[in-house]
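Undergrad: The structure is given below, and queries will be raised subsequently.
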Amino acid sequence: MGFFLSKMLAVFGDREHKVVIVGLDNAGKTTVLYQFLTKEAVHTSPTIGSNVEEITVRKTHFLVWDIGGQESLRASWYSYYSNTEIVILVVDSTDRERLTVTKEELHQMLAHEDLQNASILILANKQDIKGSMTAAEISQCLTLDTITTHPWHVQACCALTGEGLPASLDWMKTQVVAN
Ligand SMILES: Nc1nc2c(ncn2[C@@H]2O[C@H](COP(=O)(O)OP(=O)(O)OP(=O)(O)O)[C@@H](O)[C@H]2O)c(=O)[nH]1
Ligand SMILES: [Mg+2]
């Protein structure tokens, strides 16, 4: 349905904004996508390839691609980047050990020519789990304050309950309206 609707909207001139969701495996990307869409937690299994859905926020249409995050799949993330207006980087806030891997992926992404005009939303997911890192800790570890080339925003959230996700969609809307 997403694809058909996107074609219809293109015909009637109401532009769709492309969004890609990236992040390491198990970060919660697919859970975020379906929480955006259905406002419920869905059962997921590791994504091989991608899922795509249309999300509408008060007449603003986003075409959202959720990409598999396993190590072997990360090398092909770039193939989704063209015409992307927003990148959502989902972080498992309990996964302290792999935050440096996320940092490398983030800074590599920022250097990609197809993302030069993209805004970056970092979701500090799994805030419901005791001992998870705060959004401020994640910001610091990912050295977000050194990013001057792209608009960015960090948001604490829980994809299981949806907490923090409406605020994320609001920020995404401000980014595409601003452009
Ligand atoms: N406690 C908790 N668990 C979560 C949250 N978000 C996702 N999960 C769980 O984390 C696991 C992985 O979620 P997915 O959405 O499949 O992760 P993914 O990032 O799409 O993983 P890949 O497709 O392999 O890249 C699932 O068991 C989810 O239920 C959250 O906010 N809190
Ligand atoms: Mg997935």
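Chain labels follow the order of the structure tokens: the first chain is A, the next B, and so on; residue numbering restarts at 1 in every chain, and ligands are counted from 1 in their shown order.
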List as JSON lines every residue of region 27-76 of chain A that is in contact with region 85-90 of chain A, defined as an atom at most 9 Å from one of its atoms (using only C-alpha atoms), together with the nearest atom pair and the distance in Å rounded to one decimal, sorted by chain and then rising number.
TA:
```
{"residue": "A:Ala27", "atom": "CA", "partner": "A:Val90", "partner_atom": "CA", "distance": 5.9}
{"residue": "A:Gly28", "atom": "CA", "partner": "A:Val90", "partner_atom": "CA", "distance": 6.7}
{"residue": "A:Lys29", "atom": "CA", "partner": "A:Val90", "partner_atom": "CA", "distance": 6.0}
{"residue": "A:Val32", "atom": "CA", "partner": "A:Val90", "partner_atom": "CA", "distance": 8.5}
```
Undergrad: What does the file look like for those residues with C-alpha atoms, as a compact mmCIF listing (two decimals), in the first residue's frame?
TA:
```txt
# COMPACT_ATOMS: atom_id res chain seq x y z
CA ALA A 27 18.72 -1.53 18.32
CA GLY A 28 14.94 -1.49 17.79
CA LYS A 29 14.64 -0.01 14.27
CA VAL A 32 10.28 2.02 15.95
```
Undergrad: Could you make a table, as CSV, of the residues of chain A that have an atom within 7 Å of an atom of ligand 1, each with its nearest atom pair and distance in Å to one decimal, counting only C-alpha atoms and all ligand atoms, in chain and number order?
TA:
```
residue,atom,partner,partner_atom_place_in_ligand_line,distance
A:Gly23,CA,ligand 1,19 (O),6.3
A:Leu24,CA,ligand 1,25 (O),5.7
A:Asp25,CA,ligand 1,25 (O),3.4
A:Asn26,CA,ligand 1,17 (O),3.7
A:Ala27,CA,ligand 1,19 (O),3.9
A:Gly28,CA,ligand 1,15 (O),3.3
A:Lys29,CA,ligand 1,19 (O),3.8
A:Thr30,CA,ligand 1,15 (O),3.7
A:Thr31,CA,ligand 1,15 (O),3.8
A:Val32,CA,ligand 1,15 (O),6.5
A:His43,CA,ligand 1,29 (O),6.4
A:Thr44,CA,ligand 1,16 (O),4.6
A:Ser45,CA,ligand 1,16 (O),5.1
A:Pro46,CA,ligand 1,24 (O),3.6
A:Thr47,CA,ligand 1,23 (O),3.5
A:Ile48,CA,ligand 1,23 (O),6.7
A:Ile67,CA,ligand 1,25 (O),6.6
A:Gly68,CA,ligand 1,25 (O),3.9
A:Gly69,CA,ligand 1,25 (O),3.4
A:Gln70,CA,ligand 1,25 (O),5.5
A:Asn125,CA,ligand 1,31 (O),5.1
A:Lys126,CA,ligand 1,31 (O),3.4
A:Gln127,CA,ligand 1,31 (O),6.1
A:Asp128,CA,ligand 1,32 (N),5.7
A:Ile129,CA,ligand 1,1 (N),5.6
A:Cys157,CA,ligand 1,31 (O),6.6
A:Cys158,CA,ligand 1,31 (O),3.5
A:Ala159,CA,ligand 1,31 (O),3.9
A:Leu160,CA,ligand 1,31 (O),4.7
```
Undergrad: What parts of chain A does DSSP call alpha helix (DSSP H)? I'd like the answer as number ranges by chain.
TA: A: 2-11, 29-38, 71-74, 99-110, 135-141, 165-178
Undergrad: Counting only C-alpha atoms and all ligand atoms, which of A:Ala136, A:Leu142, A:Met172, A:Val42 gets nearest to ligand 2?
TA: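 Closest to ligand 2, using only C-alpha atoms and all ligand atoms: A:Val42.
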Undergrad: Can you measure CA of Leu33 (chain A) to CA of Asn117 (chain A) for me? One decimal in Å is fine.
TA: 22.3 Å
Undergrad: Report the residues of region 4-166 of chain A whose backbone DSSP state falls under strand (DSSP E), written as an NGL selection string.
TA: :A and (16-22 or 50-57 or 60-67 or 84-92 or 119-125 or 152-156)
Undergrad: Can you spit out the residues from that selection as a PDB file, in the first residue's frame, using C-alpha atoms?
TA:
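File produced: out18.pdb:
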```pdb
ATOM      1  CA  GLU A  16       6.820  12.533   0.113  1.00  0.00           C
ATOM      2  CA  HIS A  17       9.926  12.897   2.253  1.00  0.00           C
ATOM      3  CA  LYS A  18      12.356   9.995   2.302  1.00  0.00           C
ATOM      4  CA  VAL A  19      13.589   8.770   5.671  1.00  0.00           C
ATOM      5  CA  VAL A  20      16.012   5.917   6.376  1.00  0.00           C
ATOM      6  CA  ILE A  21      16.310   4.184   9.736  1.00  0.00           C
ATOM      7  CA  VAL A  22      19.769   2.805  10.485  1.00  0.00           C
ATOM      8  CA  SER A  50      14.422  -3.690   4.454  1.00  0.00           C
ATOM      9  CA  ASN A  51      10.869  -2.711   5.365  1.00  0.00           C
ATOM     10  CA  VAL A  52       9.213   0.385   3.959  1.00  0.00           C
ATOM     11  CA  GLU A  53       6.088   2.171   5.170  1.00  0.00           C
ATOM     12  CA  GLU A  54       4.389   5.486   4.623  1.00  0.00           C
ATOM     13  CA  ILE A  55       3.871   7.531   7.790  1.00  0.00           C
ATOM     14  CA  THR A  56       1.697  10.632   7.711  1.00  0.00           C
ATOM     15  CA  VAL A  57       2.045  13.324  10.353  1.00  0.00           C
ATOM     16  CA  THR A  60       3.232  15.586   5.957  1.00  0.00           C
ATOM     17  CA  HIS A  61       4.087  12.295   4.274  1.00  0.00           C
ATOM     18  CA  PHE A  62       7.238  10.377   5.095  1.00  0.00           C
ATOM     19  CA  LEU A  63       8.364   7.281   3.201  1.00  0.00           C
ATOM     20  CA  VAL A  64      10.316   5.437   5.857  1.00  0.00           C
ATOM     21  CA  TRP A  65      12.869   2.721   5.046  1.00  0.00           C
ATOM     22  CA  ASP A  66      13.987   0.442   7.892  1.00  0.00           C
ATOM     23  CA  ILE A  67      17.224  -1.333   7.006  1.00  0.00           C
ATOM     24  CA  THR A  84      17.149  10.956   1.846  1.00  0.00           C
ATOM     25  CA  GLU A  85      16.004  13.980   3.844  1.00  0.00           C
ATOM     26  CA  ILE A  86      16.169  12.444   7.310  1.00  0.00           C
ATOM     27  CA  VAL A  87      18.301   9.672   8.786  1.00  0.00           C
ATOM     28  CA  ILE A  88      17.086   8.120  12.020  1.00  0.00           C
ATOM     29  CA  LEU A  89      19.921   6.446  13.906  1.00  0.00           C
ATOM     30  CA  VAL A  90      18.471   4.083  16.505  1.00  0.00           C
ATOM     31  CA  VAL A  91      20.732   3.244  19.447  1.00  0.00           C
ATOM     32  CA  ASP A  92      20.159   0.466  21.980  1.00  0.00           C
ATOM     33  CA  SER A 119      19.022  15.904   9.006  1.00  0.00           C
ATOM     34  CA  ILE A 120      20.006  13.316  11.611  1.00  0.00           C
ATOM     35  CA  LEU A 121      17.716  12.139  14.405  1.00  0.00           C
ATOM     36  CA  ILE A 122      19.407   9.979  17.044  1.00  0.00           C
ATOM     37  CA  LEU A 123      17.001   7.848  19.072  1.00  0.00           C
ATOM     38  CA  ALA A 124      18.297   6.728  22.462  1.00  0.00           C
ATOM     39  CA  ASN A 125      16.007   3.698  22.533  1.00  0.00           C
ATOM     40  CA  TRP A 152      20.824  16.856  14.368  1.00  0.00           C
ATOM     41  CA  HIS A 153      18.676  16.070  17.371  1.00  0.00           C
ATOM     42  CA  VAL A 154      18.831  13.425  20.065  1.00  0.00           C
ATOM     43  CA  GLN A 155      15.660  11.990  21.608  1.00  0.00           C
ATOM     44  CA  ALA A 156      15.239   9.480  24.424  1.00  0.00           C
TER      45      ALA A 156
END
```
Undergrad: Would you work out the distance separating CA of Ser132 (chain A) from CA of Gly162 (chain A), expressed in Å to one decimal?
TA: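 The value is 16.6 Å.
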Undergrad: Identify which of the residues A:Arg15, A:Val101, A:Trp171, A:Leu165 lies closest to Leu37 (chain A), counting only C-alpha atoms when measuring atom-to-atom distances.
TA: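 Going through A:Arg15, A:Val101, A:Trp171, A:Leu165 one by one, the smallest distance to Leu37 (chain A) is for A:Leu165.
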Undergrad: For Thr149 (chain A), list every protein, DNA or RNA residue within 12 Å, evaluated using only C-alpha atoms, and leave out those in the same chain fewer than 5 positions away; present the list as a PyMOL selection string.
TA: chain A and resi 107+109-113+115-120+144
Undergrad: Using only C-alpha atoms, which of A:Arg58, A:Pro166, A:Thr161, A:Gln108 sits nearest Glu40 (chain A)?
TA: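 Checking each candidate against Glu40 (chain A), we get A:Thr161 as the closest.
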Undergrad: What is the CA of Pro151 (chain A) to CA of Ala167 (chain A) distance in Å?
TA: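 Going from CA of Pro151 (chain A) over to CA of Ala167 (chain A) covers 16.1 Å.
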